[in-house]
Amino acid sequence: MRDVAVVGFTQSPQVRNTTATTNGVEMLVPLITDVFSGLGMTKHDIGFWCSGSSDYLAGRAFSFVSAVDATGPVPPINESHVELDAAWALYEAWVKIQTGEVDTALVYGFGKSSAGDLRRTLALQLDPYMLAPLWPDAVAVAGLQARLGIDRGLWSEQAMAEVAVRSRRDAETNPFAQLAGSKDVDALLAEPYFAQPLRRHDCAPITDGAAVIVLAAEERARELVERPAWITGIAHAVDSAHLGTRDLTTSASTAIAARRAGIDGVEVAELYTPFTHQELILCRELDLGDDVRITPSGGALAGNPMFAGGLVRIGEAAARIGDGSAGRVLAHATGGPALQHNLVCVMEGR
């Protein structure tokens with residue numbers, strides 16, 4: 001296996017904006033320019049490009065093709081795309097580097113959630129025969145998951161509110177966060193329900209945004225940055241799309257991915273949890289103790305750029321390696337309803 005590291009990361013401010021177009025070019029061009037400037041690279045130094053986005057979110061077919069314009073693909077480039085969060089594009093890029101065909105890769109993800117009704121759009125990822133025709137929206141599905149855990153005594157509304165308070169307060173030091181600062185737990189619990197048992201603070205906001213990560217192998221990574229974030233383990237697994245055939249209070253696929261990636265000794269865990277109770281599920285599945293710093297960026301509850309949120313988690317975790325504040329970190333990404341598909345990436349500094 002080749003040693004591969006995250007050597008560059010940048011992201012756009014996480015905002016809700018209904019005016020710009022949905023092709024992603026406007027969001028991506030400044031980010032690609034910024035990451036190249038920081039590394040002293042040009043597009044000609046990139047061996048492989050891979051993106052993550054969703055045509056359903058953009059509302060038109062092959063929307064990702066328009067976004068390729070941001071890469072300046074003349075002459076033609078070696079490029080691929082996943083209809084998933086860009087964390088899975090990073091996985092594809094990592095595999096590409098492992099083949100030995102390229103030494104560098106640029107991964108980007110983008111999404112404009114404000115362009116439509118996100119809650120209904122995400123219903124399209126449900127089982128197309130039994131569930132999608134009923135149009136249960138994403139918040140309602142998450143509410144069912146949260147209610148199951150509360151009724152079984154696995155967590156409480158207070159525990160969920162505590163997650164929200166910590167996430168929003170951590171976001172105060174994140175200049176890219178959409179939401180920051182929070183009331184105390186008692187004040188949050190006094191607020192009305194949004195989709196019982198979820199209140200608004202339990203749900204990630206509607207967010208537009210994009211992110212870019214550069215990967216490099218071996219000596220090339222050492223040439224580019226002083227402290228690369230070496231990927232020591234990366235894996236993903238998926239649970240059934242049929243909500244009635246799995247225990248929604250657990251996440252077997254997360255546990256499987258974590259076991260394959262090897263998460264012992266991590267100091268920081270950036271978890272992609274669009275709902276407060278999902279952090280409680282993941283901390284249990286990953287067996288994260290009190291000595292592990294959970295999502296110091298504030299996470300999705302402070303800003304949730306769809307199809308870039310998981311890539312942001314990897315970038316934020318890698319940044320802790322780069323600045324020397326941690327030696328071994330974990331990043332998590334999720335896709336699908338109720339933590340259906342999960343990816344775990346472990347990185348360390350050497």
# chains A, B, ... in the order shown; residues from 1 in each chain; ligands from 1
>>> select_by_dssp(residues="stretch 113-187 of chain A", states="alpha helix (DSSP H)", output="PyMOL selection string")
chain A and resi 118-121+138-151+157-170+185-187
>>> residues_around(residues="stretch 280-284 of chain A", least_positions_apart="3", cutoff="9 Å", atoms="only C-alpha atoms", output="number ranges by chain")
A: 154-155, 159-160, 163, 249-251, 254-255, 271, 273, 276-277, 287-289, 294
>>> residues_around(residues="A:Ala261", least_positions_apart="4", cutoff="9 Å", atoms="only C-alpha atoms", output="NGL selection string")
:A and (232-236 or 256-257 or 344-346)
>>> closest_atom_pairs(of="stretch 131-214 of chain A", to="stretch 51-65 of chain A", cutoff="10 Å", atoms="only C-alpha atoms", output="JSON lines")
{"residue": "A:Ala210", "atom": "CA", "partner": "A:Ser53", "partner_atom": "CA", "distance": 9.7}
{"residue": "A:Ala211", "atom": "CA", "partner": "A:Ser51", "partner_atom": "CA", "distance": 10.0}
{"residue": "A:Val212", "atom": "CA", "partner": "A:Ser51", "partner_atom": "CA", "distance": 9.1}
>>> write_last_selection(atoms="C-alpha atoms", output="CSV table (one decimal), in the first residue's frame")
chain,number,residue,atom,x,y,z
A,210,ALA,CA,-18.3,23.6,-1.2
A,211,ALA,CA,-14.9,22.1,-0.1
A,212,VAL,CA,-11.7,21.0,-1.8
>>> residues_around(residues="A:Pro75", least_positions_apart="6", cutoff="12 Å", atoms="only C-alpha atoms", output="list in words")
Lys43, His44 and Asp69 of chain A
>>> atom_distance(atom1="atom CA of A:Thr104", atom2="atom CA of A:Pro13")
25.7 Å
